[in-house]
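Pasting coords07.pdb here (PDB, C-alpha atoms):
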```
MODEL        1
ATOM      1  CA  MET A1060     -33.119   2.968  11.898  1.00  0.00           C
ATOM      2  CA  ARG A1061     -30.031   2.001  13.753  1.00  0.00           C
ATOM      3  CA  TYR A1062     -27.218   2.290  11.181  1.00  0.00           C
ATOM      4  CA  LEU A1063     -26.285   4.009   7.953  1.00  0.00           C
ATOM      5  CA  VAL A1064     -23.590   1.982   6.173  1.00  0.00           C
ATOM      6  CA  SER A1065     -21.339   2.348   3.156  1.00  0.00           C
ATOM      7  CA  SER A1066     -23.044   0.529   0.295  1.00  0.00           C
ATOM      8  CA  CYS A1067     -19.815  -1.247  -0.686  1.00  0.00           C
ATOM      9  CA  LEU A1068     -19.663  -2.865   2.768  1.00  0.00           C
ATOM     10  CA  ALA A1069     -23.120  -4.347   2.176  1.00  0.00           C
ATOM     11  CA  GLY A1070     -21.946  -5.883  -1.094  1.00  0.00           C
ATOM     12  CA  VAL A1071     -22.814  -3.233  -3.688  1.00  0.00           C
ATOM     13  CA  ALA A1072     -20.091  -2.974  -6.348  1.00  0.00           C
ATOM     14  CA  CYS A1073     -19.860   0.819  -6.182  1.00  0.00           C
ATOM     15  CA  ARG A1074     -16.207   1.403  -5.272  1.00  0.00           C
ATOM     16  CA  TYR A1075     -14.099   3.447  -7.681  1.00  0.00           C
ATOM     17  CA  ASN A1076     -12.831   0.277  -9.390  1.00  0.00           C
ATOM     18  CA  GLY A1077     -16.256  -1.350  -9.663  1.00  0.00           C
ATOM     19  CA  THR A1078     -15.838  -3.716  -6.723  1.00  0.00           C
ATOM     20  CA  ALA A1079     -17.476  -4.152  -3.332  1.00  0.00           C
ATOM     21  CA  SER A1080     -15.888  -4.622   0.098  1.00  0.00           C
ATOM     22  CA  LEU A1081     -18.477  -7.033   1.415  1.00  0.00           C
ATOM     23  CA  ASP A1082     -18.742  -7.461   5.160  1.00  0.00           C
ATOM     24  CA  GLU A1083     -21.270 -10.229   5.864  1.00  0.00           C
ATOM     25  CA  SER A1084     -22.357  -8.805   9.235  1.00  0.00           C
ATOM     26  CA  ILE A1085     -23.112  -5.437   7.640  1.00  0.00           C
ATOM     27  CA  ARG A1086     -24.995  -7.090   4.765  1.00  0.00           C
ATOM     28  CA  GLU A1087     -27.068  -8.971   7.355  1.00  0.00           C
ATOM     29  CA  LEU A1088     -27.953  -5.710   9.126  1.00  0.00           C
ATOM     30  CA  VAL A1089     -29.291  -4.332   5.842  1.00  0.00           C
ATOM     31  CA  GLU A1090     -31.267  -7.522   5.200  1.00  0.00           C
ATOM     32  CA  GLN A1091     -32.739  -7.315   8.727  1.00  0.00           C
ATOM     33  CA  ASP A1092     -33.735  -3.676   8.078  1.00  0.00           C
ATOM     34  CA  GLN A1093     -31.459  -2.421  10.861  1.00  0.00           C
ATOM     35  CA  ALA A1094     -29.293  -0.480   8.400  1.00  0.00           C
ATOM     36  CA  LYS A1095     -29.665   1.549   5.242  1.00  0.00           C
ATOM     37  CA  MET A1096     -26.975   1.773   2.583  1.00  0.00           C
ATOM     38  CA  VAL A1097     -25.434   4.938   1.200  1.00  0.00           C
ATOM     39  CA  CYS A1098     -22.559   5.704  -1.169  1.00  0.00           C
ATOM     40  CA  PRO A1099     -21.448   9.324  -0.743  1.00  0.00           C
ATOM     41  CA  GLU A1100     -19.504   9.254  -4.002  1.00  0.00           C
ATOM     42  CA  LEU A1101     -22.509   8.124  -6.035  1.00  0.00           C
ATOM     43  CA  LEU A1102     -24.674  10.692  -4.222  1.00  0.00           C
ATOM     44  CA  GLY A1103     -22.099  13.306  -5.211  1.00  0.00           C
ATOM     45  CA  GLY A1104     -22.523  12.496  -8.882  1.00  0.00           C
ATOM     46  CA  PHE A1105     -19.822   9.930  -9.635  1.00  0.00           C
ATOM     47  CA  VAL A1106     -20.379   6.759 -11.650  1.00  0.00           C
ATOM     48  CA  THR A1107     -18.858   3.308 -11.231  1.00  0.00           C
ATOM     49  CA  PRO A1108     -16.165   2.657 -12.206  1.00  0.00           C
ATOM     50  CA  ARG A1109     -14.371   5.979 -11.838  1.00  0.00           C
ATOM     51  CA  GLU A1110     -10.815   7.196 -11.574  1.00  0.00           C
ATOM     52  CA  ALA A1111      -9.128   6.882  -8.171  1.00  0.00           C
ATOM     53  CA  ALA A1112      -9.097  10.108  -6.153  1.00  0.00           C
ATOM     54  CA  GLU A1113      -7.247  11.166  -3.028  1.00  0.00           C
ATOM     55  CA  ILE A1114      -7.178  14.153  -0.701  1.00  0.00           C
ATOM     56  CA  ILE A1115      -4.010  16.105  -1.459  1.00  0.00           C
ATOM     57  CA  GLY A1116      -2.164  17.569   1.530  1.00  0.00           C
ATOM     58  CA  GLY A1117      -4.730  17.160   4.266  1.00  0.00           C
ATOM     59  CA  THR A1118      -7.885  15.437   5.476  1.00  0.00           C
ATOM     60  CA  GLY A1119     -11.623  15.605   4.915  1.00  0.00           C
ATOM     61  CA  LYS A1120     -11.876  18.301   7.568  1.00  0.00           C
ATOM     62  CA  ASP A1121      -9.444  20.421   5.551  1.00  0.00           C
ATOM     63  CA  VAL A1122     -11.510  19.821   2.402  1.00  0.00           C
ATOM     64  CA  LEU A1123     -14.615  21.095   4.205  1.00  0.00           C
ATOM     65  CA  ASN A1124     -12.634  24.124   5.411  1.00  0.00           C
ATOM     66  CA  GLY A1125     -11.610  24.858   1.813  1.00  0.00           C
ATOM     67  CA  THR A1126      -7.860  24.524   2.400  1.00  0.00           C
ATOM     68  CA  VAL A1127      -7.174  21.333   0.384  1.00  0.00           C
ATOM     69  CA  LYS A1128      -8.691  19.535  -2.598  1.00  0.00           C
ATOM     70  CA  VAL A1129      -9.705  16.042  -3.683  1.00  0.00           C
ATOM     71  CA  ILE A1130      -7.948  15.242  -6.954  1.00  0.00           C
ATOM     72  CA  GLU A1131      -8.277  12.292  -9.333  1.00  0.00           C
ATOM     73  CA  LYS A1132      -5.122  10.449 -10.309  1.00  0.00           C
ATOM     74  CA  GLY A1133      -5.266  12.123 -13.716  1.00  0.00           C
ATOM     75  CA  GLY A1134      -5.350  15.578 -12.107  1.00  0.00           C
ATOM     76  CA  ARG A1135      -9.032  16.554 -12.259  1.00  0.00           C
ATOM     77  CA  ASP A1136     -10.294  18.464  -9.210  1.00  0.00           C
ATOM     78  CA  VAL A1137     -13.361  16.598  -7.879  1.00  0.00           C
ATOM     79  CA  THR A1138     -13.615  18.399  -4.545  1.00  0.00           C
ATOM     80  CA  ASP A1139     -17.115  19.739  -5.217  1.00  0.00           C
ATOM     81  CA  LEU A1140     -18.472  16.237  -5.942  1.00  0.00           C
ATOM     82  CA  TYR A1141     -17.037  14.904  -2.674  1.00  0.00           C
ATOM     83  CA  ILE A1142     -18.531  17.790  -0.715  1.00  0.00           C
ATOM     84  CA  LYS A1143     -21.909  17.339  -2.433  1.00  0.00           C
ATOM     85  CA  GLY A1144     -21.891  13.617  -1.579  1.00  0.00           C
ATOM     86  CA  ALA A1145     -21.007  14.363   2.035  1.00  0.00           C
ATOM     87  CA  TYR A1146     -23.941  16.759   2.418  1.00  0.00           C
ATOM     88  CA  GLU A1147     -26.334  14.332   0.708  1.00  0.00           C
ATOM     89  CA  THR A1148     -25.193  11.619   3.129  1.00  0.00           C
ATOM     90  CA  LEU A1149     -25.715  13.999   6.048  1.00  0.00           C
ATOM     91  CA  GLU A1150     -29.302  14.525   4.900  1.00  0.00           C
ATOM     92  CA  TRP A1151     -29.874  10.749   4.853  1.00  0.00           C
ATOM     93  CA  ALA A1152     -28.383  10.371   8.334  1.00  0.00           C
ATOM     94  CA  ARG A1153     -30.652  13.121   9.652  1.00  0.00           C
ATOM     95  CA  LYS A1154     -33.748  11.819   7.862  1.00  0.00           C
ATOM     96  CA  LEU A1155     -33.213   8.285   9.169  1.00  0.00           C
ATOM     97  CA  ALA A1156     -32.110   9.486  12.642  1.00  0.00           C
ATOM     98  CA  VAL A1157     -29.404   6.812  12.757  1.00  0.00           C
ATOM     99  CA  SER A1158     -27.461   6.086  15.916  1.00  0.00           C
ATOM    100  CA  CYS A1159     -24.245   5.170  14.116  1.00  0.00           C
ATOM    101  CA  VAL A1160     -22.684   5.465  10.661  1.00  0.00           C
ATOM    102  CA  VAL A1161     -20.345   2.678   9.482  1.00  0.00           C
ATOM    103  CA  LEU A1162     -18.062   3.803   6.656  1.00  0.00           C
ATOM    104  CA  LYS A1163     -15.321   2.206   4.535  1.00  0.00           C
ATOM    105  CA  GLU A1164     -11.858   2.906   5.895  1.00  0.00           C
ATOM    106  CA  TYR A1165      -9.223   4.634   3.687  1.00  0.00           C
ATOM    107  CA  SER A1166     -11.736   6.204   1.270  1.00  0.00           C
ATOM    108  CA  PRO A1167     -11.431   9.958   0.567  1.00  0.00           C
ATOM    109  CA  SER A1168     -15.153  10.114   1.366  1.00  0.00           C
ATOM    110  CA  CYS A1169     -15.600   7.510   4.051  1.00  0.00           C
ATOM    111  CA  GLY A1170     -12.252   6.977   5.769  1.00  0.00           C
ATOM    112  CA  THR A1171     -12.740   7.316   9.507  1.00  0.00           C
ATOM    113  CA  GLN A1172      -9.203   7.128  10.917  1.00  0.00           C
ATOM    114  CA  MET A1173      -6.916   6.569   7.935  1.00  0.00           C
ATOM    115  CA  ILE A1174      -6.968   7.845   4.342  1.00  0.00           C
ATOM    116  CA  TYR A1175      -4.569   7.645   1.412  1.00  0.00           C
ATOM    117  CA  ASP A1176      -1.987  10.445   1.508  1.00  0.00           C
ATOM    118  CA  GLY A1177      -2.514  11.937  -1.956  1.00  0.00           C
ATOM    119  CA  SER A1178       0.564  10.383  -3.563  1.00  0.00           C
ATOM    120  CA  PHE A1179      -1.398   7.598  -5.306  1.00  0.00           C
ATOM    121  CA  ASP A1180       1.307   5.214  -4.036  1.00  0.00           C
ATOM    122  CA  ASN A1181      -0.863   3.284  -1.551  1.00  0.00           C
ATOM    123  CA  HIS A1182       0.517   5.241   1.425  1.00  0.00           C
ATOM    124  CA  LYS A1183      -1.908   5.973   4.254  1.00  0.00           C
ATOM    125  CA  VAL A1184      -1.990   8.762   6.831  1.00  0.00           C
ATOM    126  CA  ALA A1185      -4.060   9.475   9.924  1.00  0.00           C
ATOM    127  CA  GLY A1186      -7.234  11.367   9.160  1.00  0.00           C
ATOM    128  CA  GLY A1187     -10.783  11.036   7.926  1.00  0.00           C
ATOM    129  CA  GLY A1188     -12.533  11.496   4.611  1.00  0.00           C
ATOM    130  CA  VAL A1189     -14.892  14.301   3.631  1.00  0.00           C
ATOM    131  CA  THR A1190     -18.156  12.542   4.549  1.00  0.00           C
ATOM    132  CA  SER A1191     -16.741  11.167   7.770  1.00  0.00           C
ATOM    133  CA  ALA A1192     -15.557  14.649   8.812  1.00  0.00           C
ATOM    134  CA  LEU A1193     -18.903  16.291   8.036  1.00  0.00           C
ATOM    135  CA  LEU A1194     -20.951  13.672   9.868  1.00  0.00           C
ATOM    136  CA  ARG A1195     -18.734  13.942  12.953  1.00  0.00           C
ATOM    137  CA  GLN A1196     -18.887  17.734  12.793  1.00  0.00           C
ATOM    138  CA  GLU A1197     -22.680  17.412  12.880  1.00  0.00           C
ATOM    139  CA  GLY A1198     -22.628  15.115  15.922  1.00  0.00           C
ATOM    140  CA  PHE A1199     -22.983  11.650  14.390  1.00  0.00           C
ATOM    141  CA  LYS A1200     -21.057   8.656  15.681  1.00  0.00           C
ATOM    142  CA  VAL A1201     -18.914   7.480  12.753  1.00  0.00           C
ATOM    143  CA  ILE A1202     -16.883   4.274  12.784  1.00  0.00           C
ATOM    144  CA  SER A1203     -15.077   2.082  10.261  1.00  0.00           C
ATOM    145  CA  GLU A1204     -15.958  -1.486   9.351  1.00  0.00           C
ATOM    146  CA  ASN A1205     -12.996  -2.551  11.522  1.00  0.00           C
ATOM    147  CA  GLU A1206     -14.364  -0.761  14.569  1.00  0.00           C
ATOM    148  CA  PHE A1207     -17.810  -2.168  13.864  1.00  0.00           C
ATOM    149  CA  MET A1208     -16.422  -5.725  13.960  1.00  0.00           C
ATOM    150  CA  ALA A1209     -14.876  -4.995  17.355  1.00  0.00           C
ATOM    151  CA  LEU A1210     -18.322  -3.971  18.651  1.00  0.00           C
ATOM    152  CA  LEU A1211     -19.892  -7.295  17.718  1.00  0.00           C
TER
ENDMDL
END
```

Please re-express this file's structure in structure tokens.
Amino acid sequence: MRYLVSSCLAGVACRYNGTASLDESIRELVEQDQAKMVCPELLGGFVTPREAAEIIGGTGKDVLNGTVKVIEKGGRDVTDLYIKGAYETLEWARKLAVSCVVLKEYSPSCGTQMIYDGSFDNHKVAGGGVTSALLRQEGFKVISENEFMALL
């Protein structure tokens, strides 16, 4: 298997608001059996739709280090679900021995270079999500859908 990709990029309506972020080239990879889909948030135990969540005061790496939390807009701490989803995704990446993981930018799970800043005001900051950070820590190549398009 060549790629592990965010399910929403392949057209699955699994984002927090019940939508997808379809990228036709990624969907084609799945159809050609060159990629498998994964949604870290669903693997962590979330349902669709769900309340928006953001990393408060740091990045996914900080979440893994235990210094910051992932909080829903209403205030519920969902850090453990994000960490669980990240580790489940890591197991899939290992099992499939993928060469690259393509994740949805800005997500608190999947963001690769930019995530929302925790203000719930649509402001973005440099940094990666929880799953992205864990996969990189474990040696996987992780890129966003934008970087993937540049490779094509």

Proximity to Ser1178 in chain A - best of A:Trp1151, A:Glu1131, A:Asp1082, A:Ala1072, only C-alpha atoms: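 Distance minimum relative to Ser1178 in chain A lands on A:Glu1131.
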
Do you know which residues are at most 9 Å from Gly1187 in chain A counting all atoms listed in the file, after dropping those on the same chain fewer than 6 positions away, and could you put them as a ChimeraX atom specification? /A:1118-1120,1164-1174

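The interatomic distance for the pair CA of Ala1069 in chain A and CA of Glu1100 in chain A works out to 15.4 Å.
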
Expressed in Å to a single decimal, how great is the separation between CA of Ile1115 in chain A and CA of Asn1076 in chain A?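 According to the coordinates, CA of Ile1115 in chain A and CA of Asn1076 in chain A are separated by 19.8 Å.
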
Please identify all polymer residues within 12 Å of Ala1111 in chain A, counting all atoms listed in the file, omitting same-chain residues fewer than 5 positions from it, and present them as a PyMOL selection string. chain A and resi 1074-1077+1100+1105-1106+1129-1137+1166-1168+1175+1177-1181

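Comparing the minimum interatomic distances between Ala1145 in chain A and each of A:Ser1066, A:Asn1124, A:Gln1091, A:Thr1190, counting all atoms listed in the file, we find that A:Thr1190 sits nearest.
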
Could you state which residues are captured by the PyMOL selection byres ((chain A and resi 1153) around 12) in this file, as a list of chain:residue names?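 Listing what the PyMOL selection byres ((chain A and resi 1153) around 12) selects in the shown file: A:Met1060, A:Arg1061, A:Tyr1062, A:Leu1063, A:Tyr1146, A:Glu1147, A:Thr1148, A:Leu1149, A:Glu1150, A:Trp1151, A:Ala1152, A:Lys1154, A:Leu1155, A:Ala1156, A:Val1157, A:Ser1158, A:Cys1159, A:Val1160, A:Leu1194, A:Glu1197, A:Gly1198, A:Phe1199.
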
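Put simply, CA of Lys1095 in chain A is 8.6 Å away from CA of Ser1065 in chain A.
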
Considering only C-alpha atoms, state which residue in the set A:Leu1211, A:Thr1107, A:Val1064, A:Ala1112 is at the smallest distance from Asp1092 in chain A.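 Comparing A:Leu1211, A:Thr1107, A:Val1064, A:Ala1112 against Asp1092 in chain A, the winner is A:Val1064.
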
Please evaluate the PyMOL selection byres ((chain A and resi 1103) around 7) against the structure above and give the resulting residues as a PyMOL selection string. chain A and resi 1099-1102+1104-1105+1140-1141+1143-1144

For each of A:Val1189, A:Leu1162, A:Ile1202, A:Leu1210, take the minimum atom-to-atom distance to Gly1125 in chain A, counting all atoms listed in the file, then give the residue where this is smallest. A:Val1189

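With distances restricted to all atoms listed in the file, A:Lys1163 is the closest residue to Gly1188 in chain A from A:Lys1163, A:Arg1086, A:Lys1200, A:Arg1109.
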
Nearest to Asn1205 in chain A: which of A:Val1071, A:Val1089, A:Val1161, A:Met1096 is it, counting all atoms listed in the file?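 Smallest distance to Asn1205 in chain A is found for A:Val1161.
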
Give me, as number ranges by chain, all polymer residues having an atom no more than 9 Å from Gly1117 in chain A, counting only C-alpha atoms and skipping those fewer than 6 positions away in the same chain. A: 1126-1128, 1176-1177, 1186

Please write the residues from the selection above to a file, keeping C-alpha atoms, as an mmCIF file, in the frame of the given file.
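That gives us again10.cif:
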```cif
data_model
loop_
_atom_site.group_PDB
_atom_site.id
_atom_site.type_symbol
_atom_site.label_atom_id
_atom_site.label_comp_id
_atom_site.auth_asym_id
_atom_site.auth_seq_id
_atom_site.Cartn_x
_atom_site.Cartn_y
_atom_site.Cartn_z
ATOM 1 C CA THR A 1126 -7.860 24.524 2.400
ATOM 2 C CA VAL A 1127 -7.174 21.333 0.384
ATOM 3 C CA LYS A 1128 -8.691 19.535 -2.598
ATOM 4 C CA ASP A 1176 -1.987 10.445 1.508
ATOM 5 C CA GLY A 1177 -2.514 11.937 -1.956
ATOM 6 C CA GLY A 1186 -7.234 11.367 9.160
#
```
